[in-house]
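Structure data follow from structure-v5.cif (mmCIF, C-alpha atoms, pLDDT in the B column; chains and numbers go by the auth columns):
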```
data_target
#
loop_
_atom_site.group_PDB
_atom_site.id
_atom_site.type_symbol
_atom_site.label_atom_id
_atom_site.label_comp_id
_atom_site.label_asym_id
_atom_site.label_seq_id
_atom_site.Cartn_x
_atom_site.Cartn_y
_atom_site.Cartn_z
_atom_site.B_iso_or_equiv
_atom_site.auth_seq_id
_atom_site.auth_asym_id
ATOM 1 C CA MET A 1 1.699 -71.272 -22.520 48.00 1 A
ATOM 2 C CA ASN A 2 4.223 -70.032 -19.984 52.00 2 A
ATOM 3 C CA PHE A 3 5.900 -67.998 -22.731 49.00 3 A
ATOM 4 C CA PHE A 4 2.546 -66.447 -23.753 51.00 4 A
ATOM 5 C CA LEU A 5 1.738 -65.337 -20.179 55.00 5 A
ATOM 6 C CA SER A 6 5.078 -63.727 -19.747 65.00 6 A
ATOM 7 C CA ASN A 7 4.613 -61.779 -23.013 66.00 7 A
ATOM 8 C CA LYS A 8 1.157 -60.773 -21.841 68.00 8 A
ATOM 9 C CA LYS A 9 2.630 -59.523 -18.572 71.00 9 A
ATOM 10 C CA LYS A 10 5.354 -57.690 -20.477 67.00 10 A
ATOM 11 C CA LEU A 11 2.765 -56.052 -22.705 64.00 11 A
ATOM 12 C CA LEU A 12 0.656 -55.038 -19.704 66.00 12 A
ATOM 13 C CA LEU A 13 3.727 -53.609 -17.960 64.00 13 A
ATOM 14 C CA LEU A 14 4.642 -51.640 -21.100 62.00 14 A
ATOM 15 C CA ILE A 15 1.110 -50.215 -21.415 67.00 15 A
ATOM 16 C CA ILE A 16 1.033 -49.171 -17.751 68.00 16 A
ATOM 17 C CA THR A 17 4.475 -47.571 -18.048 63.00 17 A
ATOM 18 C CA LEU A 18 3.543 -45.632 -21.201 57.00 18 A
ATOM 19 C CA TYR A 19 0.237 -44.476 -19.713 59.00 19 A
ATOM 20 C CA SER A 20 1.904 -43.367 -16.472 59.00 20 A
ATOM 21 C CA THR A 21 4.628 -41.481 -18.329 54.00 21 A
ATOM 22 C CA HIS A 22 2.088 -39.831 -20.623 51.00 22 A
ATOM 23 C CA SER A 23 -0.113 -38.809 -17.653 49.00 23 A
ATOM 24 C CA TYR A 24 2.928 -37.392 -15.819 50.00 24 A
ATOM 25 C CA LEU A 25 4.030 -35.367 -18.864 48.00 25 A
ATOM 26 C CA VAL A 26 0.522 -34.005 -19.481 47.00 26 A
ATOM 27 C CA ALA A 27 0.206 -33.053 -15.801 47.00 27 A
ATOM 28 C CA GLN A 28 3.547 -31.233 -15.996 50.00 28 A
ATOM 29 C CA GLU A 29 2.343 -29.194 -18.974 50.00 29 A
ATOM 30 C CA ARG A 30 -0.831 -28.083 -17.151 55.00 30 A
ATOM 31 C CA GLU A 31 0.887 -26.856 -13.979 59.00 31 A
ATOM 32 C CA VAL A 32 0.819 -23.090 -13.509 57.00 32 A
ATOM 33 C CA PRO A 33 3.796 -21.805 -11.579 68.00 33 A
ATOM 34 C CA LYS A 34 2.691 -20.574 -8.150 72.00 34 A
ATOM 35 C CA ARG A 35 4.143 -17.487 -6.558 76.00 35 A
ATOM 36 C CA ALA A 36 5.436 -17.669 -3.045 83.00 36 A
ATOM 37 C CA PHE A 37 3.191 -15.856 -0.546 82.00 37 A
ATOM 38 C CA LEU A 38 5.951 -13.503 0.599 86.00 38 A
ATOM 39 C CA GLU A 39 6.576 -12.310 -2.967 90.00 39 A
ATOM 40 C CA ASP A 40 3.282 -10.382 -2.726 92.00 40 A
ATOM 41 C CA VAL A 41 3.869 -9.020 0.787 96.00 41 A
ATOM 42 C CA ARG A 42 5.285 -5.535 1.261 96.00 42 A
ATOM 43 C CA PHE A 43 6.709 -4.276 4.545 97.00 43 A
ATOM 44 C CA GLY A 44 6.957 -0.683 5.673 96.00 44 A
ATOM 45 C CA GLY A 45 5.080 1.799 7.791 94.00 45 A
ATOM 46 C CA SER A 46 5.407 5.244 9.274 92.00 46 A
ATOM 47 C CA LEU A 47 7.665 7.093 11.689 91.00 47 A
ATOM 48 C CA GLY A 48 7.034 10.381 13.421 90.00 48 A
ATOM 49 C CA LEU A 49 9.155 12.655 15.591 91.00 49 A
ATOM 50 C CA ASN A 50 8.365 16.097 17.003 90.00 50 A
ATOM 51 C CA VAL A 51 10.742 17.911 19.322 93.00 51 A
ATOM 52 C CA ASN A 52 9.911 21.426 20.408 91.00 52 A
ATOM 53 C CA ASN A 53 10.461 23.750 23.350 91.00 53 A
ATOM 54 C CA GLY A 54 9.722 21.382 26.266 89.00 54 A
ATOM 55 C CA TYR A 55 7.785 18.934 24.085 92.00 55 A
ATOM 56 C CA PHE A 56 8.657 15.493 22.709 94.00 56 A
ATOM 57 C CA SER A 57 6.518 13.196 20.597 93.00 57 A
ATOM 58 C CA GLY A 58 7.545 9.966 18.886 94.00 58 A
ATOM 59 C CA TYR A 59 5.470 7.565 16.798 93.00 59 A
ATOM 60 C CA ILE A 60 6.288 4.253 15.115 96.00 60 A
ATOM 61 C CA ALA A 61 3.930 2.114 13.046 95.00 61 A
ATOM 62 C CA PRO A 62 5.437 -0.895 11.221 97.00 62 A
ATOM 63 C CA LYS A 63 3.036 -2.543 8.752 97.00 63 A
ATOM 64 C CA ALA A 64 2.836 -5.475 6.356 97.00 64 A
ATOM 65 C CA ILE A 65 0.401 -5.613 3.439 97.00 65 A
ATOM 66 C CA TYR A 66 -0.438 -8.339 0.965 96.00 66 A
ATOM 67 C CA ASP A 67 -1.031 -7.296 -2.651 95.00 67 A
ATOM 68 C CA PHE A 68 -3.905 -9.401 -3.999 94.00 68 A
ATOM 69 C CA ASN A 69 -3.389 -7.720 -7.371 93.00 69 A
ATOM 70 C CA SER A 70 -2.311 -4.286 -8.618 92.00 70 A
ATOM 71 C CA TYR A 71 -5.576 -2.727 -7.332 95.00 71 A
ATOM 72 C CA VAL A 72 -6.293 -4.272 -3.911 96.00 72 A
ATOM 73 C CA SER A 73 -4.098 -4.795 -0.819 96.00 73 A
ATOM 74 C CA ALA A 74 -4.809 -5.660 2.808 97.00 74 A
ATOM 75 C CA GLY A 75 -2.666 -6.044 5.867 97.00 75 A
ATOM 76 C CA ALA A 76 -1.973 -5.425 9.512 98.00 76 A
ATOM 77 C CA GLY A 77 0.288 -3.271 11.591 97.00 77 A
ATOM 78 C CA LEU A 78 1.537 -2.452 15.045 98.00 78 A
ATOM 79 C CA LEU A 79 1.763 1.022 16.483 96.00 79 A
ATOM 80 C CA GLY A 80 3.189 2.847 19.419 97.00 80 A
ATOM 81 C CA SER A 81 3.710 6.417 20.525 95.00 81 A
ATOM 82 C CA TYR A 82 5.140 8.425 23.390 96.00 82 A
ATOM 83 C CA ASN A 83 4.424 12.066 24.265 93.00 83 A
ATOM 84 C CA LYS A 84 5.943 14.212 27.010 94.00 84 A
ATOM 85 C CA THR A 85 5.597 17.794 28.174 93.00 85 A
ATOM 86 C CA SER A 86 6.332 19.326 31.545 90.00 86 A
ATOM 87 C CA ARG A 87 2.831 18.488 32.864 91.00 87 A
ATOM 88 C CA TYR A 88 1.626 15.676 30.628 91.00 88 A
ATOM 89 C CA SER A 89 2.881 12.321 29.409 93.00 89 A
ATOM 90 C CA SER A 90 1.269 9.490 27.495 93.00 90 A
ATOM 91 C CA TYR A 91 2.099 6.320 25.674 95.00 91 A
ATOM 92 C CA THR A 92 0.036 4.135 23.399 96.00 92 A
ATOM 93 C CA THR A 93 0.397 0.666 21.979 97.00 93 A
ATOM 94 C CA GLY A 94 -1.904 -1.140 19.610 97.00 94 A
ATOM 95 C CA GLY A 95 -2.561 -2.662 16.260 97.00 95 A
ATOM 96 C CA SER A 96 -4.313 -1.943 13.000 97.00 96 A
ATOM 97 C CA LEU A 97 -6.047 -3.616 10.073 98.00 97 A
ATOM 98 C CA ILE A 98 -5.525 -1.978 6.689 97.00 98 A
ATOM 99 C CA GLY A 99 -7.339 -2.062 3.356 97.00 99 A
ATOM 100 C CA LEU A 100 -6.002 -0.282 0.261 97.00 100 A
ATOM 101 C CA LEU A 101 -7.703 0.274 -3.081 97.00 101 A
ATOM 102 C CA ARG A 102 -5.938 1.774 -6.106 96.00 102 A
ATOM 103 C CA PRO A 103 -8.699 2.390 -8.697 94.00 103 A
ATOM 104 C CA LEU A 104 -6.562 4.714 -10.829 94.00 104 A
ATOM 105 C CA ASN A 105 -2.807 5.001 -10.768 90.00 105 A
ATOM 106 C CA PRO A 106 -1.475 6.962 -8.719 95.00 106 A
ATOM 107 C CA LEU A 107 -4.663 7.439 -6.612 97.00 107 A
ATOM 108 C CA GLN A 108 -5.045 5.312 -3.458 97.00 108 A
ATOM 109 C CA LEU A 109 -8.083 4.983 -1.181 97.00 109 A
ATOM 110 C CA SER A 110 -7.504 3.534 2.271 97.00 110 A
ATOM 111 C CA ALA A 111 -9.425 2.296 5.290 97.00 111 A
ATOM 112 C CA GLU A 112 -7.564 1.547 8.506 97.00 112 A
ATOM 113 C CA PHE A 113 -9.005 0.397 11.807 97.00 113 A
ATOM 114 C CA GLU A 114 -6.728 1.089 14.778 96.00 114 A
ATOM 115 C CA GLU A 115 -7.157 -0.079 18.368 96.00 115 A
ATOM 116 C CA HIS A 116 -4.995 1.740 20.942 95.00 116 A
ATOM 117 C CA TYR A 117 -4.266 1.101 24.572 97.00 117 A
ATOM 118 C CA VAL A 118 -3.776 4.593 25.993 96.00 118 A
ATOM 119 C CA SER A 119 -2.089 5.531 29.262 96.00 119 A
ATOM 120 C CA ARG A 120 -2.047 9.242 30.172 94.00 120 A
ATOM 121 C CA ASN A 121 -0.674 11.167 33.159 94.00 121 A
ATOM 122 C CA PHE A 122 -1.684 14.749 33.897 91.00 122 A
ATOM 123 C CA GLU A 123 0.275 16.761 36.485 90.00 123 A
ATOM 124 C CA LEU A 124 -2.008 19.636 37.347 85.00 124 A
ATOM 125 C CA ASP A 125 -1.759 22.252 40.106 84.00 125 A
ATOM 126 C CA GLY A 126 -3.146 20.634 43.235 80.00 126 A
ATOM 127 C CA THR A 127 -4.070 17.306 41.601 85.00 127 A
ATOM 128 C CA ASN A 128 -2.655 14.598 39.382 90.00 128 A
ATOM 129 C CA LYS A 129 -4.754 12.450 37.101 92.00 129 A
ATOM 130 C CA LYS A 130 -3.926 9.079 35.558 94.00 130 A
ATOM 131 C CA ASP A 131 -6.049 7.616 32.820 92.00 131 A
ATOM 132 C CA SER A 132 -5.837 4.268 30.982 96.00 132 A
ATOM 133 C CA TYR A 133 -8.298 2.970 28.396 96.00 133 A
ATOM 134 C CA TRP A 134 -8.755 1.366 24.968 96.00 134 A
ATOM 135 C CA TYR A 135 -9.559 3.709 22.104 95.00 135 A
ATOM 136 C CA PRO A 136 -10.594 2.785 18.536 95.00 136 A
ATOM 137 C CA GLY A 137 -9.988 4.783 15.398 95.00 137 A
ATOM 138 C CA LEU A 138 -11.400 4.239 11.913 96.00 138 A
ATOM 139 C CA PHE A 139 -9.508 6.210 9.291 97.00 139 A
ATOM 140 C CA LEU A 140 -10.658 6.756 5.719 97.00 140 A
ATOM 141 C CA GLY A 141 -7.944 8.182 3.523 97.00 141 A
ATOM 142 C CA LEU A 142 -6.994 9.462 0.119 98.00 142 A
ATOM 143 C CA GLY A 143 -3.403 9.353 -1.059 97.00 143 A
ATOM 144 C CA TYR A 144 -1.018 9.822 -3.940 97.00 144 A
ATOM 145 C CA VAL A 145 1.363 6.901 -4.619 96.00 145 A
ATOM 146 C CA THR A 146 4.752 7.371 -6.194 94.00 146 A
ATOM 147 C CA GLY A 147 7.023 4.325 -6.099 92.00 147 A
ATOM 148 C CA PRO A 148 7.106 2.897 -2.565 93.00 148 A
ATOM 149 C CA VAL A 149 5.801 6.143 -0.968 95.00 149 A
ATOM 150 C CA SER A 150 2.183 7.190 -0.383 95.00 150 A
ATOM 151 C CA ILE A 151 1.378 10.729 0.686 96.00 151 A
ATOM 152 C CA GLY A 152 -2.084 11.845 1.622 97.00 152 A
ATOM 153 C CA VAL A 153 -4.660 12.733 4.211 97.00 153 A
ATOM 154 C CA ARG A 154 -6.889 10.562 6.378 96.00 154 A
ATOM 155 C CA TYR A 155 -9.923 11.252 8.550 97.00 155 A
ATOM 156 C CA ASP A 156 -10.889 9.456 11.790 96.00 156 A
ATOM 157 C CA VAL A 157 -14.668 8.967 11.637 96.00 157 A
ATOM 158 C CA LEU A 158 -14.684 7.813 15.309 95.00 158 A
ATOM 159 C CA HIS A 159 -12.735 10.822 16.648 95.00 159 A
ATOM 160 C CA ILE A 160 -13.657 12.052 20.146 93.00 160 A
ATOM 161 C CA ASP A 161 -11.676 15.131 21.234 91.00 161 A
ATOM 162 C CA GLU A 162 -11.420 14.156 24.923 86.00 162 A
ATOM 163 C CA LYS A 163 -10.247 10.566 24.316 86.00 163 A
ATOM 164 C CA SER A 164 -8.358 10.530 21.029 86.00 164 A
ATOM 165 C CA ILE A 165 -4.582 10.393 21.064 81.00 165 A
ATOM 166 C CA TYR A 166 -4.627 12.578 17.948 83.00 166 A
ATOM 167 C CA ALA A 167 -5.221 16.317 18.240 83.00 167 A
ATOM 168 C CA ASN A 168 -7.399 16.390 15.146 91.00 168 A
ATOM 169 C CA ALA A 169 -9.626 13.959 13.212 95.00 169 A
ATOM 170 C CA LEU A 170 -8.043 15.062 9.928 96.00 170 A
ATOM 171 C CA MET A 171 -4.330 14.325 9.571 92.00 171 A
ATOM 172 C CA PRO A 172 -1.696 14.025 6.868 93.00 172 A
ATOM 173 C CA PHE A 173 0.259 10.788 6.381 92.00 173 A
ATOM 174 C CA VAL A 174 3.376 9.538 4.654 93.00 174 A
ATOM 175 C CA THR A 175 3.783 5.770 4.395 93.00 175 A
ATOM 176 C CA VAL A 176 6.595 3.774 2.791 94.00 176 A
ATOM 177 C CA TYR A 177 6.292 0.123 1.670 92.00 177 A
ATOM 178 C CA PHE A 178 9.076 -2.035 0.224 91.00 178 A
#
```
Entire entry expressed as structure tokens:
Amino acid sequence: MNFFLSNKKKLLLLIITLYSTHSYLVAQEREVPKRAFLEDVRFGGSLGLNVNNGYFSGYIAPKAIYDFNSYVSAGAGLLGSYNKTSRYSSYTTGGSLIGLLRPLNPLQLSAEFEEHYVSRNFELDGTNKKDSYWYPGLFLGLGYVTGPVSIGVRYDVLHIDEKSIYANALMPFVTVYF
């Protein structure tokens, strides 16, 4: 009887081992390789520089976007600018949220919400004025994509001439993502 129980235990152990091995192998066949998150993230942004007779303007906007697929991307960015003339200076800092849609290659539609902290100094005859405030911008854009570069135009639907850091609601853009 002792011999029979030990064979029974051996048989049970063999069945459990075979079942476990079979389950492991089947599970391995069903696994779909997952991509690392950063493989679908692209980094880039925009730079701007304007130097003229008594005028300086610099702009930097690093961005990161996640490609959900070949048609849709979303991301965030930081931005900063500095402007200086003989009687005016300003700087801005802020952030942005970005949505990109590529319905047809090479066409790209974009929506970007920017929030700026603006600090301006005016040096006028007889008076100086300092101004600091938060200013939003909502840009809708249309661009042409070629490789890592997008070139296009965007329009700020929230533009207010007296408060905006941009001279015009309609502006061209060049953005590079790697």
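Ranking A:Arg87, A:Lys63, A:His159, A:Arg120 by their shortest atom-to-atom distance to Phe139 of chain A, with all atoms listed in the file included, puts A:His159 first.
Using all atoms listed in the file, the protein and nucleic acid residues lying no more than 12 Å from Asn69 of chain A, apart from those fewer than 6 places from it along its own chain, are Glu39, Asp40, Val41, Leu100, Leu101, Arg102 and Pro103 of chain A.
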Next, write the just-selected residues to a file, as a PDB file, in the frame of the given file, keeping C-alpha atoms as the atom set.
```pdb
ATOM      1  CA  GLU A  39       6.576 -12.310  -2.967  1.00 90.00           C
ATOM      2  CA  ASP A  40       3.282 -10.382  -2.726  1.00 92.00           C
ATOM      3  CA  VAL A  41       3.869  -9.020   0.787  1.00 96.00           C
ATOM      4  CA  LEU A 100      -6.002  -0.282   0.261  1.00 97.00           C
ATOM      5  CA  LEU A 101      -7.703   0.274  -3.081  1.00 97.00           C
ATOM      6  CA  ARG A 102      -5.938   1.774  -6.106  1.00 96.00           C
ATOM      7  CA  PRO A 103      -8.699   2.390  -8.697  1.00 94.00           C
TER       8      PRO A 103
END
```
Within 6 Å of Val149 of chain A, counting all atoms listed in the file, which residues show up once you throw out same-chain ones fewer than 4 positions away? Write them as a PDB file with C-alpha atoms, in the frame of the given file, please.
```pdb
ATOM      1  CA  VAL A 145       1.363   6.901  -4.619  1.00 96.00           C
ATOM      2  CA  THR A 175       3.783   5.770   4.395  1.00 93.00           C
ATOM      3  CA  VAL A 176       6.595   3.774   2.791  1.00 94.00           C
TER       4      VAL A 176
END
```
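The two atoms in question, atom CA of Val72 of chain A and atom CA of Gly137 of chain A, are spaced 21.6 Å apart.
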Coordinates-based distance that separates atom CA of Tyr91 of chain A from atom CA of Gly58 of chain A (Å, one decimal): 9.4 Å
Resolved residues for the PyMOL selection byres ((chain A and resi 73) around 12) as JSON, numbers by chain: {"A": [40, 41, 42, 64, 65, 66, 67, 68, 69, 70, 71, 72, 74, 75, 76, 97, 98, 99, 100, 101, 102, 103, 108, 109, 110, 111, 112, 177]}
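Atom CA of Asn50 of chain A lies 29.0 Å from atom CA of Pro106 of chain A.
On the file presented, the PyMOL selection byres ((chain A and resi 131) around 12) picks out Tyr88, Ser89, Ser90, Tyr91, Thr92, Tyr117, Val118, Ser119, Arg120, Asn121, Phe122, Glu123, Asn128, Lys129, Lys130, Ser132, Tyr133, Trp134, Tyr135, Glu162 and Lys163 of chain A.
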Would you compute an axis-aligned box for segment 138-150 of chain A, covering every atom listed for it in the file with 5 Å of margin on each side, and report centre and edge lengths in Å to one decimal as AutoDock Vina command-line options?
```
--center_x -2.1 --center_y 6.4 --center_z 2.9 --size_x 28.5 --size_y 16.9 --size_z 28.1
```
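Among the candidates A:Gly48, A:Gly152, A:Gly95, A:Gly54, the residue lying nearest to Ser81 of chain A is A:Gly48 (atoms considered: all atoms listed in the file).
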A:Gly44, A:Arg154, A:Tyr144, A:Arg35 ranked by distance to Asn168 of chain A, top pick (using all atoms listed in the file): A:Arg154
9 Å contact set for Val174 of chain A, all atoms listed in the file, chain neighbours under 6 positions out, as a list in words: Gly45, Ser46, Leu47, Gly143, Val149, Ser150, Ile151, Gly152 and Val153 of chain A
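Proximity ranking of A:Phe178, A:Met171, A:Phe43, A:Leu124 relative to Pro148 of chain A places A:Phe178 first, based on all atoms listed in the file.
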